[in-house]
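Engineer: This is work-v1.txt, which holds compact mmCIF, C-alpha atoms:
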# COMPACT_ATOMS: atom_id res chain seq x y z
CA MET Q 1 1.29 -23.74 -9.40
CA VAL Q 2 3.64 -26.18 -7.71
CA SER Q 3 1.93 -28.25 -5.04
CA LYS Q 4 3.53 -29.12 -1.76
CA THR Q 5 4.02 -32.79 -2.68
CA GLU Q 6 5.57 -31.87 -6.04
CA GLU Q 7 7.90 -29.47 -4.32
CA GLU Q 8 8.97 -32.13 -1.85
CA GLN Q 9 9.49 -34.60 -4.66
CA VAL Q 10 11.66 -32.17 -6.59
CA ASN Q 11 13.73 -31.31 -3.56
CA ARG Q 12 14.21 -34.97 -2.68
CA LEU Q 13 15.28 -35.85 -6.23
CA GLU Q 14 17.54 -32.81 -6.40
CA ASN Q 15 19.28 -33.87 -3.23
CA GLN Q 16 19.69 -37.41 -4.50
CA VAL Q 17 21.03 -36.33 -7.89
CA GLU Q 18 23.31 -33.68 -6.40
CA ASN Q 19 24.86 -36.28 -4.17
CA GLY Q 20 25.68 -38.66 -6.99
CA GLY Q 21 22.59 -40.83 -6.76
CA GLY Q 22 20.54 -41.87 -9.80
CA GLY Q 23 17.39 -40.32 -11.15
CA ALA Q 24 18.89 -37.45 -13.14
CA TRP Q 25 16.49 -37.95 -16.03
CA GLU Q 26 13.44 -38.08 -13.76
CA TYR Q 27 14.69 -34.94 -12.03
CA LEU Q 28 15.09 -33.07 -15.33
CA CYS Q 29 11.63 -34.15 -16.50
CA LEU Q 30 10.09 -32.93 -13.27
CA VAL Q 31 11.88 -29.58 -13.42
CA ARG Q 32 10.55 -29.12 -16.92
CA LYS Q 33 7.05 -30.24 -16.06
CA LEU Q 34 6.80 -27.86 -13.11
CA LYS Q 35 8.45 -25.06 -15.11
CA LEU Q 36 11.03 -24.40 -12.40
CA ARG Q 37 14.13 -22.27 -12.84
CA ARG Q 38 17.15 -24.38 -12.05
CA SER Q 39 19.34 -23.48 -15.00
CA ASP Q 40 22.65 -24.35 -13.34
CA LYS Q 41 21.51 -27.79 -12.22
CA VAL Q 42 19.74 -28.58 -15.49
CA LEU Q 43 22.92 -27.74 -17.35
CA LYS Q 44 25.08 -29.86 -15.07
CA HIS Q 45 22.95 -32.99 -15.07
CA GLY Q 46 21.74 -32.52 -18.63
CA PHE Q 47 25.35 -32.52 -19.81
CA SER Q 48 26.15 -35.63 -17.84
CA ILE Q 49 23.46 -37.46 -19.78
CA LEU Q 50 24.20 -35.89 -23.17
CA ASN Q 51 27.91 -36.50 -22.89
CA ASP Q 52 27.40 -40.20 -22.29
CA PRO Q 53 26.65 -41.85 -25.68
CA LYS Q 54 24.98 -44.81 -24.04
CA LYS Q 55 22.54 -42.76 -22.03
CA ARG Q 56 22.01 -40.44 -24.96
CA SER Q 57 20.91 -43.10 -27.41
CA ALA Q 58 18.32 -44.26 -24.92
CA LEU Q 59 16.56 -40.93 -25.26
CA GLY Q 60 15.41 -41.04 -28.87
CA PRO Q 61 16.13 -39.29 -32.17
CA GLU Q 62 19.83 -38.56 -32.24
CA GLY Q 63 20.15 -35.64 -34.63
CA ARG Q 64 18.04 -33.20 -32.72
CA LEU Q 65 19.79 -33.93 -29.44
CA GLU Q 66 23.25 -33.66 -31.03
CA ALA Q 67 22.34 -30.23 -32.33
CA MET Q 68 20.88 -29.20 -28.99
CA LEU Q 69 24.07 -30.33 -27.29
CA LEU Q 70 26.06 -28.05 -29.60
CA GLU Q 71 23.68 -25.23 -28.78
CA ALA Q 72 23.93 -25.82 -25.04
CA LYS Q 73 27.70 -25.69 -25.28
CA GLY Q 74 27.41 -22.27 -26.86
CA LEU Q 75 28.62 -23.41 -30.30
CA LEU Q 76 25.78 -21.53 -31.90
CA ALA Q 77 27.05 -21.41 -35.47
CA GLU Q 78 27.56 -25.16 -35.53
CA ALA Q 79 24.21 -25.83 -33.92
CA GLU Q 80 22.60 -23.61 -36.52
CA LYS Q 81 24.20 -25.70 -39.30
CA ALA Q 82 23.00 -28.93 -37.72
CA TYR Q 83 19.48 -27.59 -37.40
CA SER Q 84 19.30 -26.47 -41.03
CA SER Q 85 20.33 -29.89 -42.27
CA LEU Q 86 17.68 -31.45 -40.06
CA LEU Q 87 15.09 -29.08 -41.47
CA GLU Q 88 15.94 -30.28 -44.96
CA GLU Q 89 14.88 -33.72 -43.88
CA ASN Q 90 11.73 -32.54 -42.19
CA GLN Q 91 10.73 -28.97 -42.89
CA PHE Q 92 7.78 -29.05 -40.50
CA ASP Q 93 9.71 -29.92 -37.37
CA GLN Q 94 8.35 -27.29 -35.00
CA VAL Q 95 10.90 -27.92 -32.26
CA ILE Q 96 13.76 -27.16 -34.62
CA HIS Q 97 12.04 -24.06 -35.94
CA LYS Q 98 11.79 -22.81 -32.38
CA ARG Q 99 15.44 -23.64 -31.61
CA ARG Q 100 16.49 -21.56 -34.62
CA VAL Q 101 14.50 -18.61 -33.31
CA ALA Q 102 16.18 -19.04 -29.93
CA ILE Q 103 19.66 -19.16 -31.46
CA ALA Q 104 19.14 -16.01 -33.47
CA LYS Q 105 17.82 -14.30 -30.35
CA ALA Q 106 20.78 -15.43 -28.24
CA GLN Q 107 23.12 -14.01 -30.86
CA GLY Q 108 21.39 -10.66 -30.57
CA ASN Q 109 20.20 -11.10 -34.16
CA LEU Q 110 16.69 -9.86 -33.57
CA SER Q 111 15.72 -9.37 -37.19
CA GLY Q 112 16.90 -12.92 -37.84
CA ALA Q 113 14.84 -14.17 -34.93
CA ILE Q 114 11.80 -12.35 -36.25
CA GLU Q 115 12.35 -13.83 -39.68
CA TRP Q 116 12.53 -17.34 -38.25
CA LEU Q 117 9.58 -16.71 -36.02
CA ASN Q 118 7.60 -15.59 -39.04
CA LYS Q 119 8.59 -18.73 -40.91
CA TYR Q 120 7.46 -20.68 -37.89
CA LEU Q 121 4.19 -18.80 -37.76
CA GLU Q 122 3.59 -19.17 -41.49
CA MET Q 123 2.80 -22.72 -40.65
CA TYR Q 124 -0.33 -21.32 -39.11
CA LYS Q 125 -0.86 -19.27 -42.31
CA GLN Q 126 -1.81 -16.02 -40.60
CA ALA Q 127 1.11 -14.64 -38.64
CA ALA Q 128 -0.31 -11.17 -38.24
CA PHE Q 129 -3.56 -12.38 -36.78
CA CYS Q 130 -1.95 -14.97 -34.61
CA TYR Q 131 -4.02 -14.23 -31.55
CA GLU Q 132 -7.23 -14.10 -33.53
CA GLU Q 133 -6.32 -17.44 -34.99
CA LEU Q 134 -5.58 -18.82 -31.56
CA ILE Q 135 -8.91 -17.60 -30.28
CA LEU Q 136 -10.70 -19.07 -33.27
CA SER Q 137 -8.96 -22.39 -32.91
CA GLN Q 138 -9.44 -22.62 -29.16
CA PRO Q 139 -12.16 -20.16 -28.22
CA THR Q 140 -12.51 -21.26 -24.62
CA ILE Q 141 -9.02 -20.42 -23.45
CA PRO Q 142 -9.33 -17.08 -21.61
CA LEU Q 143 -5.60 -16.38 -21.78
CA TYR Q 144 -5.77 -15.83 -25.55
CA HIS Q 145 -8.64 -13.37 -25.22
CA LEU Q 146 -6.77 -11.50 -22.51
CA ALA Q 147 -3.50 -11.37 -24.45
CA TYR Q 148 -5.29 -10.11 -27.55
CA ALA Q 149 -7.12 -7.46 -25.54
CA ASP Q 150 -3.85 -6.25 -23.98
CA VAL Q 151 -2.30 -5.90 -27.44
CA LEU Q 152 -5.33 -4.02 -28.77
CA TYR Q 153 -5.30 -1.62 -25.82
CA THR Q 154 -1.58 -1.00 -26.29
CA LEU Q 155 -2.13 -0.23 -29.99
CA GLY Q 156 -4.74 2.33 -28.95
CA GLY Q 157 -7.33 4.25 -30.97
CA LEU Q 158 -11.07 4.22 -30.49
CA GLU Q 159 -11.78 1.14 -32.57
CA ASN Q 160 -9.09 -0.97 -30.90
CA LEU Q 161 -10.21 0.16 -27.47
CA HIS Q 162 -13.77 -0.93 -28.16
CA ALA Q 163 -12.53 -4.28 -29.42
CA ALA Q 164 -10.22 -4.66 -26.41
CA LYS Q 165 -13.16 -4.09 -24.10
CA LYS Q 166 -15.07 -6.91 -25.77
CA TYR Q 167 -12.17 -9.34 -25.41
CA TYR Q 168 -11.70 -8.37 -21.76
CA ALA Q 169 -15.41 -9.02 -21.28
CA ALA Q 170 -15.01 -12.45 -22.91
CA THR Q 171 -12.11 -13.19 -20.57
CA ILE Q 172 -14.23 -12.28 -17.57
CA ASP Q 173 -17.03 -14.43 -18.89
CA LEU Q 174 -14.74 -17.43 -19.39
CA THR Q 175 -13.13 -17.12 -15.96
CA GLY Q 176 -16.33 -16.69 -14.00
CA GLY Q 177 -15.45 -13.09 -13.17
CA LYS Q 178 -12.20 -13.98 -11.47
CA ASN Q 179 -9.57 -12.56 -13.80
CA ILE Q 180 -8.06 -9.46 -12.19
CA ARG Q 181 -6.23 -8.28 -15.29
CA ALA Q 182 -9.40 -8.36 -17.38
CA LEU Q 183 -11.44 -6.55 -14.73
CA PHE Q 184 -8.84 -3.79 -14.62
CA GLY Q 185 -8.75 -3.85 -18.41
CA ILE Q 186 -12.44 -2.98 -18.62
CA CYS Q 187 -11.89 0.02 -16.33
CA LEU Q 188 -8.92 1.21 -18.39
CA CYS Q 189 -10.81 0.86 -21.68
CA ALA Q 190 -13.90 2.63 -20.40
CA SER Q 191 -11.82 5.49 -19.09
CA ALA Q 192 -9.72 5.78 -22.26
CA VAL Q 193 -12.79 5.63 -24.51
CA GLY Q 194 -14.44 8.27 -22.37
CA GLN Q 195 -11.46 10.57 -22.82
CA LEU Q 196 -11.27 10.02 -26.58
CA ALA Q 197 -14.97 10.26 -27.33
CA LYS Q 198 -15.78 13.24 -25.15
CA GLY Q 199 -19.25 14.56 -25.91
CA ARG Q 200 -20.15 11.86 -28.38
CA ASN Q 201 -21.60 9.39 -25.92
CA LYS Q 202 -23.70 6.84 -27.68
CA GLU Q 203 -22.38 3.67 -26.16
CA ASP Q 204 -21.62 5.36 -22.89
CA LYS Q 205 -24.38 3.88 -20.81
CA GLU Q 206 -23.46 0.30 -21.53
CA SER Q 207 -19.79 1.08 -21.12
CA SER Q 208 -20.12 2.80 -17.77
CA GLU Q 209 -22.34 0.01 -16.52
CA LEU Q 210 -19.68 -2.53 -17.46
CA GLN Q 211 -17.08 -0.39 -15.75
CA SER Q 212 -18.96 -0.09 -12.47
CA LEU Q 213 -19.68 -3.83 -12.47
CA SER Q 214 -15.96 -4.50 -12.91
CA ALA Q 215 -15.11 -2.07 -10.14
CA VAL Q 216 -17.53 -3.77 -7.79
CA ALA Q 217 -16.11 -7.19 -8.66
CA LEU Q 218 -12.56 -5.94 -8.04
CA GLU Q 219 -13.52 -4.49 -4.68
CA LYS Q 220 -15.14 -7.76 -3.67
CA LEU Q 221 -12.08 -9.79 -4.68
CA TYR Q 222 -9.67 -7.46 -2.89
CA LYS Q 223 -11.84 -7.51 0.22
CA GLN Q 224 -11.63 -11.31 0.28
CA GLN Q 225 -8.06 -11.90 -0.81
CA SER Q 226 -6.09 -8.73 -0.22
CA PRO Q 227 -7.86 -6.67 2.46
CA SER Q 228 -4.77 -4.61 3.30
CA LYS Q 229 -4.83 -3.14 -0.22
CA LEU Q 230 -8.57 -2.50 -0.44
CA SER Q 231 -8.36 1.21 0.29
CA LEU Q 232 -5.55 1.55 -2.24
CA LEU Q 233 -7.74 -0.17 -4.82
CA THR Q 234 -10.63 2.18 -4.06
CA SER Q 235 -8.48 5.26 -4.59
CA THR Q 236 -7.03 3.70 -7.74
CA LEU Q 237 -10.49 3.11 -9.17
CA ARG Q 238 -11.37 6.75 -8.48
CA ASN Q 239 -8.84 7.66 -11.19
CA PHE Q 240 -11.06 6.03 -13.81
CA LYS Q 241 -14.23 7.89 -12.97
CA LEU Q 242 -14.89 10.73 -15.34
CA MET I 1 21.20 20.39 -15.87
CA SER I 2 20.02 16.92 -14.95
CA GLY I 3 23.48 15.67 -15.87
CA ASP I 4 24.88 17.34 -12.75
CA SER I 5 22.59 15.74 -10.20
CA ARG I 6 23.80 13.06 -7.84
CA TYR I 7 21.66 10.01 -7.14
CA GLU I 8 21.64 8.16 -3.86
CA ILE I 9 19.71 4.91 -3.59
CA HIS I 10 18.70 3.32 -0.29
CA GLN I 11 19.90 -0.21 0.29
CA ASN I 12 16.49 -1.89 0.35
CA ALA I 13 15.38 -0.15 -2.82
CA TYR I 14 18.58 -1.33 -4.50
CA LEU I 15 18.33 -4.90 -3.22
CA LYS I 16 14.73 -5.34 -4.36
CA LEU I 17 15.63 -4.39 -7.93
CA VAL I 18 18.60 -6.73 -8.20
CA LEU I 19 16.83 -9.64 -6.50
CA HIS I 20 13.91 -9.19 -8.88
CA ALA I 21 16.23 -9.50 -11.87
CA LEU I 22 17.84 -12.57 -10.31
CA LYS I 23 14.49 -14.27 -9.78
CA HIS I 24 13.67 -13.97 -13.48
CA ARG I 25 17.07 -14.56 -15.03
CA THR I 26 15.78 -15.48 -18.44
CA SER I 27 13.45 -12.57 -19.03
CA ALA I 28 13.65 -8.82 -19.15
CA VAL I 29 12.37 -7.26 -15.93
CA ASN I 30 11.61 -3.69 -14.86
CA GLY I 31 10.74 -1.60 -11.84
CA VAL I 32 10.16 1.98 -10.71
CA LEU I 33 12.13 4.17 -8.32
CA LEU I 34 10.42 6.26 -5.67
CA GLY I 35 11.99 9.22 -3.94
CA ARG I 36 12.45 12.98 -3.83
CA SER I 37 14.92 15.61 -4.94
CA SER I 38 16.65 18.10 -2.65
CA ALA I 39 15.43 21.70 -2.73
CA ASP I 40 18.28 22.87 -4.96
CA GLY I 41 17.91 19.84 -7.21
CA ALA I 42 21.50 18.75 -6.67
CA THR I 43 20.65 15.35 -5.19
CA VAL I 44 17.95 12.84 -5.94
CA GLU I 45 17.25 10.46 -3.09
CA ILE I 46 15.83 7.08 -4.17
CA VAL I 47 14.08 5.89 -1.04
CA ASP I 48 12.17 2.86 -2.30
CA SER I 49 11.49 0.78 -5.39
CA VAL I 50 8.73 -1.43 -6.75
CA PRO I 51 9.50 -4.43 -8.98
CA LEU I 52 7.02 -4.33 -11.84
CA PHE I 53 6.99 -7.04 -14.50
CA HIS I 54 8.76 -10.10 -15.82
CA SER I 55 6.55 -11.12 -18.73
CA GLN I 56 5.43 -9.04 -21.71
CA ILE I 57 6.84 -5.83 -20.33
CA GLY I 58 5.89 -3.94 -23.48
CA LEU I 59 2.15 -4.01 -22.83
CA LEU I 60 0.38 -0.93 -21.52
CA PRO I 61 -2.59 -2.12 -19.42
CA PRO I 62 -0.70 -3.71 -16.50
CA LEU I 63 1.80 -0.83 -16.49
CA GLU I 64 -0.92 1.81 -16.24
CA ILE I 65 -2.61 0.00 -13.37
CA ALA I 66 0.68 -0.43 -11.55
CA LEU I 67 1.72 3.21 -11.94
CA ILE I 68 -1.63 4.53 -10.72
CA MET I 69 -1.53 2.27 -7.64
CA ILE I 70 2.08 3.11 -6.90
CA GLU I 71 1.45 6.84 -7.16
CA GLU I 72 -1.59 6.56 -4.92
CA TYR I 73 0.39 4.68 -2.31
CA TYR I 74 3.62 6.67 -2.27
CA GLY I 75 2.03 10.07 -2.93
CA GLU I 76 0.62 9.99 0.58
CA LYS I 77 4.11 9.47 1.93
CA GLY I 78 5.48 12.45 0.06
CA LEU I 79 7.40 10.31 -2.44
CA SER I 80 7.02 10.34 -6.19
CA ILE I 81 8.32 8.38 -9.15
CA VAL I 82 11.87 9.57 -9.80
CA GLY I 83 13.15 6.90 -12.16
CA TYR I 84 12.98 3.52 -13.77
CA PHE I 85 14.97 0.29 -13.55
CA HIS I 86 15.50 -2.17 -16.39
CA ALA I 87 17.31 -5.48 -16.75
CA ASN I 88 17.74 -6.88 -20.23
CA GLU I 89 16.75 -10.38 -21.20
CA ARG I 90 20.18 -11.36 -22.47
CA TYR I 91 23.05 -11.41 -20.02
CA ASP I 92 25.54 -9.67 -22.32
CA ASP I 93 23.15 -7.08 -23.72
CA PHE I 94 24.13 -3.57 -22.60
CA GLU I 95 21.80 -1.62 -24.84
CA LEU I 96 19.08 0.50 -23.42
CA ALA I 97 15.91 -1.18 -24.72
CA SER I 98 13.33 0.99 -26.45
CA VAL I 99 10.71 -0.02 -23.88
CA ALA I 100 13.00 1.41 -21.21
CA LYS I 101 13.49 4.64 -23.14
CA ASN I 102 9.75 5.03 -23.74
CA ILE I 103 8.86 4.56 -20.09
CA GLY I 104 11.76 6.79 -19.09
CA ASP I 105 10.57 9.50 -21.49
CA HIS I 106 7.17 9.37 -19.90
CA ILE I 107 8.61 9.77 -16.41
CA THR I 108 10.78 12.75 -17.39
CA ARG I 109 7.64 14.64 -18.34
CA TYR I 110 6.77 14.75 -14.65
CA PHE I 111 10.28 14.55 -13.20
CA PRO I 112 12.93 15.89 -15.60
CA GLN I 113 15.90 14.58 -13.58
CA ALA I 114 14.59 11.01 -13.69
CA ALA I 115 17.23 8.30 -13.42
CA LEU I 116 17.16 5.31 -15.73
CA LEU I 117 19.08 2.39 -14.25
CA LEU I 118 20.25 -0.59 -16.30
CA LEU I 119 21.46 -3.73 -14.57
CA ASP I 120 25.17 -4.38 -15.22
CA ASN I 121 25.40 -8.18 -15.31
CA LYS I 122 29.16 -8.14 -15.72
CA ARG I 123 29.71 -6.27 -12.47
CA LEU I 124 27.05 -8.33 -10.72
CA GLU I 125 28.93 -11.47 -11.72
CA ASP I 126 32.24 -10.01 -10.54
CA LEU I 127 30.90 -9.02 -7.12
CA PRO I 128 32.16 -12.09 -5.22
CA LYS I 129 35.67 -11.52 -6.60
CA GLY I 130 36.20 -7.92 -5.58
CA LYS I 131 35.28 -5.18 -3.18
CA ASP I 132 33.03 -3.21 -5.48
CA ARG I 133 30.89 -0.96 -3.27
CA SER I 134 29.05 0.94 -5.94
CA PRO I 135 25.71 -0.26 -7.29
CA VAL I 136 25.94 -2.82 -10.11
CA MET I 137 23.88 -0.61 -12.38
CA GLN I 138 24.51 1.85 -15.15
CA LEU I 139 23.01 5.31 -14.74
CA TYR I 140 21.37 7.09 -17.64
CA THR I 141 19.76 10.50 -17.57
CA LYS I 142 17.98 12.44 -20.26
CA ASP I 143 19.83 15.30 -21.83
CA ALA I 144 17.71 17.37 -24.23
CA SER I 145 16.36 14.48 -26.29
CA ASN I 146 18.78 11.61 -25.67
CA TRP I 147 19.44 9.19 -22.86
CA LYS I 148 23.09 9.45 -21.90
CA LEU I 149 25.23 7.04 -19.92
CA LEU I 150 26.79 8.86 -16.95
CA GLY I 151 29.81 8.36 -14.78
CA SER I 152 32.41 6.02 -16.09
CA LYS I 153 34.44 4.72 -13.17
CA GLY I 154 35.99 8.02 -12.05
CA SER I 155 32.94 10.08 -11.21
CA ASN I 156 30.24 7.98 -9.66
CA GLN I 157 27.02 9.91 -9.67
CA LEU I 158 25.05 6.92 -8.43
CA THR I 159 25.77 5.62 -4.94
CA VAL I 160 24.10 3.35 -2.43
CA LYS I 161 23.36 5.02 0.88
CA GLU I 162 24.61 2.09 2.98
CA PRO I 163 28.17 1.07 2.06
CA SER I 164 27.46 -2.56 2.99
CA ALA I 165 24.78 -3.02 0.31
CA ASN I 166 26.78 -5.32 -1.96
CA THR I 167 27.85 -7.53 0.95
CA VAL I 168 24.22 -7.92 1.98
CA LEU I 169 23.33 -8.61 -1.65
CA LEU I 170 25.87 -11.44 -1.87
CA ASP I 171 24.43 -12.91 1.31
CA TYR I 172 20.94 -12.84 -0.13
CA ILE I 173 22.10 -14.39 -3.38
CA SER I 174 23.68 -17.34 -1.62
CA SER I 175 20.69 -17.86 0.67
CA GLY I 176 18.23 -17.79 -2.25
CA LYS I 177 16.41 -14.71 -0.97
CA TRP I 178 15.42 -13.78 -4.52
CA LYS I 179 12.80 -16.55 -4.46
CA ASP I 180 10.71 -14.45 -2.07
CA ILE I 181 10.48 -11.25 -4.07
CA VAL I 182 7.04 -10.35 -5.43
CA ASP I 183 6.44 -8.09 -8.43
CA PHE I 184 3.34 -6.51 -9.87
CA ASP I 185 2.89 -9.34 -12.36
CA ASP I 186 2.67 -11.75 -9.43
CA HIS I 187 0.13 -9.50 -7.75
CA LEU I 188 -2.11 -9.37 -10.82
CA ASP I 189 -2.04 -13.17 -10.99
CA ASP I 190 -2.79 -13.50 -7.28
CA ILE I 191 -3.78 -10.32 -5.48
CA SER I 192 -2.90 -11.74 -2.07
CA LYS I 193 0.75 -11.32 -3.07
CA ASP I 194 2.25 -8.08 -1.80
CA TRP I 195 4.08 -6.01 -4.43
CA LEU I 196 5.34 -3.74 -1.64
CA ASN I 197 7.40 -6.68 -0.33
CA SER I 198 6.86 -5.28 3.15
CA GLU I 199 7.98 -8.48 4.85
CA LEU I 200 10.97 -9.22 2.65
CA PHE I 201 13.62 -7.66 4.88
CA GLU I 202 12.12 -8.52 8.25
Please, can you express the file's structure as structure tokens?
Structural biologist:
Amino acid sequence: MVSKTEEEQVNRLENQVENGGGGAWEYLCLVRKLKLRRSDKVLKHGFSILNDPKKRSALGPEGRLEAMLLEAKGLLAEAEKAYSSLLEENQFDQVIHKRRVAIAKAQGNLSGAIEWLNKYLEMYKQAAFCYEELILSQPTIPLYHLAYADVLYTLGGLENLHAAKKYYAATIDLTGGKNIRALFGICLCASAVGQLAKGRNKEDKESSELQSLSAVALEKLYKQQSPSKLSLLTSTLRNFKL
Amino acid sequence: MSGDSRYEIHQNAYLKLVLHALKHRTSAVNGVLLGRSSADGATVEIVDSVPLFHSQIGLLPPLEIALIMIEEYYGEKGLSIVGYFHANERYDDFELASVAKNIGDHITRYFPQAALLLLDNKRLEDLPKGKDRSPVMQLYTKDASNWKLLGSKGSNQLTVKEPSANTVLLDYISSGKWKDIVDFDDHLDDISKDWLNSELFE
């Protein structure tokens, strides 16, 4: 979220920089910090700094920036070479690993990108269970639980659906019942499990209880924050009832 | 069969899709097309569109929620899902992504003539230079089991209803209108945001 003051600050700096005033570096830092999309301006002012050797050396380690300059200019093959020689010096440089993934992706070389991404992930030892690892390493970040649940649901199958439901529940728990995606996720899982396990309803009671609690929470949130779509939500939820 | 249909898209439906892609230039985005087909099946009218996602578009849960809500809303108005829009992540990528094909396949089960539209970045970029009046999208339809690209320049099976659409689009691009577009991802992050974009063109 960008606050009003931050937005004003960015706009003021942008104006100043655009009109030839100083503060380009501060502007670029702010754009990055606030995760804004200003690709044309970042390119323009970024180049003006990178192309000036004096300004450039004030920024820190040369090699990485030189290579990134090549990459920004679109000289991907040369940038790639520069990155690999840097990796020989320091094979655990995560920034460079990521740049190599990005280069392969920009070249349309998806299998290459995957290979590099895997190398990058090998640093965490367990690429395949990346989300599990993330959850284990930082169990209180709801986003990881949610992302893992979404992947499990997409994979499908009874076992994955049950697991997904648990991770959605954890997300709800960690967000104080406020995460819309997780609340919907519970409804989807309950309905999909119900369809798959027709007749064999052992866990059903708990599951349907969880589902109706989620539905109630969703209705409450929509009533407060999006009243014009409340009736649409109600008819949507009807689709999940069995 | 479906290869013979003509597709006419209303200006606002068209603009929403392109503006959505412009808002998220560095990611793949998608959307659905709402409309109806004429009694003889010769024309498909695309009356409206809903911008869907700009992050992780390959995941099922948000998509299922969005499609159910969209069908509930437009079903009452006599409109149904008649196609799908996709913009690739990379600017020079003109391949139909497998996500797009999968979602398209699903739609054809209910609407065999479904249109699959792919944003044509090259023509979008060239808009200010020329007088291109046709939509800056490639049209694919499903023929037996494959998605086929239709209408090279001569026979345009996809048209915008209002001939001024691209002029309006250029206006919106220069005024930064794309900042205001809301997609379903935005709605799921903050439900007060309106994925119908009902105030966008007022």
Engineer: Pick out the chain I residues within 9 Å of chain Q. Count only C-alpha atoms. Give them as a VMD selection string.
Structural biologist: chain I and resid 23 to 26 58 to 62 64 to 65 68 to 69 72 to 73 90 93 188 to 194
Engineer: Can you sort out the box for stretch 179-192 of chain I, edges along x, y and z, all listed atoms in, 5 Å on every side, with centre and edge lengths in Å to one decimal, as JSON?
Structural biologist:
{"center_x": 4.5, "center_y": -11.5, "center_z": -7.2, "size_x": 26.6, "size_y": 20.0, "size_z": 20.3}
Engineer: State, in Å with one decimal place, the distance from atom CA of I:Ser164 to atom CA of I:Arg6.
Structural biologist: 19.4 Å
Engineer: I'd like the neighbourhood of I:Met137 as a list of chain:residue names, where a residue qualifies if any of its atoms comes within 6 Å (using only C-alpha atoms), though same-chain residues fewer than 4 positions away should be ignored.
Structural biologist: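 So the residues in contact are I:Leu117, I:Leu118, I:Leu119, I:Asp120.
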Engineer: Expressed in Å to a single decimal, how great is the separation between atom CA of Q:Val101 and atom CA of Q:Ser137?
Structural biologist: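 These atoms are spaced 23.8 Å apart.
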Engineer: Set the distance at 9 Å and use all atoms listed in the file: which residues neighbour I:Ile46 once local chain neighbours fewer than 2 positions away are removed? I'd like the list as a list in words.
Structural biologist: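 Surrounding residues, per the criterion: Tyr7, Glu8, Ile9, His10, Ala13, Tyr14, Leu33, Leu34, Gly35, Arg36, Ser37, Val44, Asp48, Ser49, Val82 and Gly83 of chain I.
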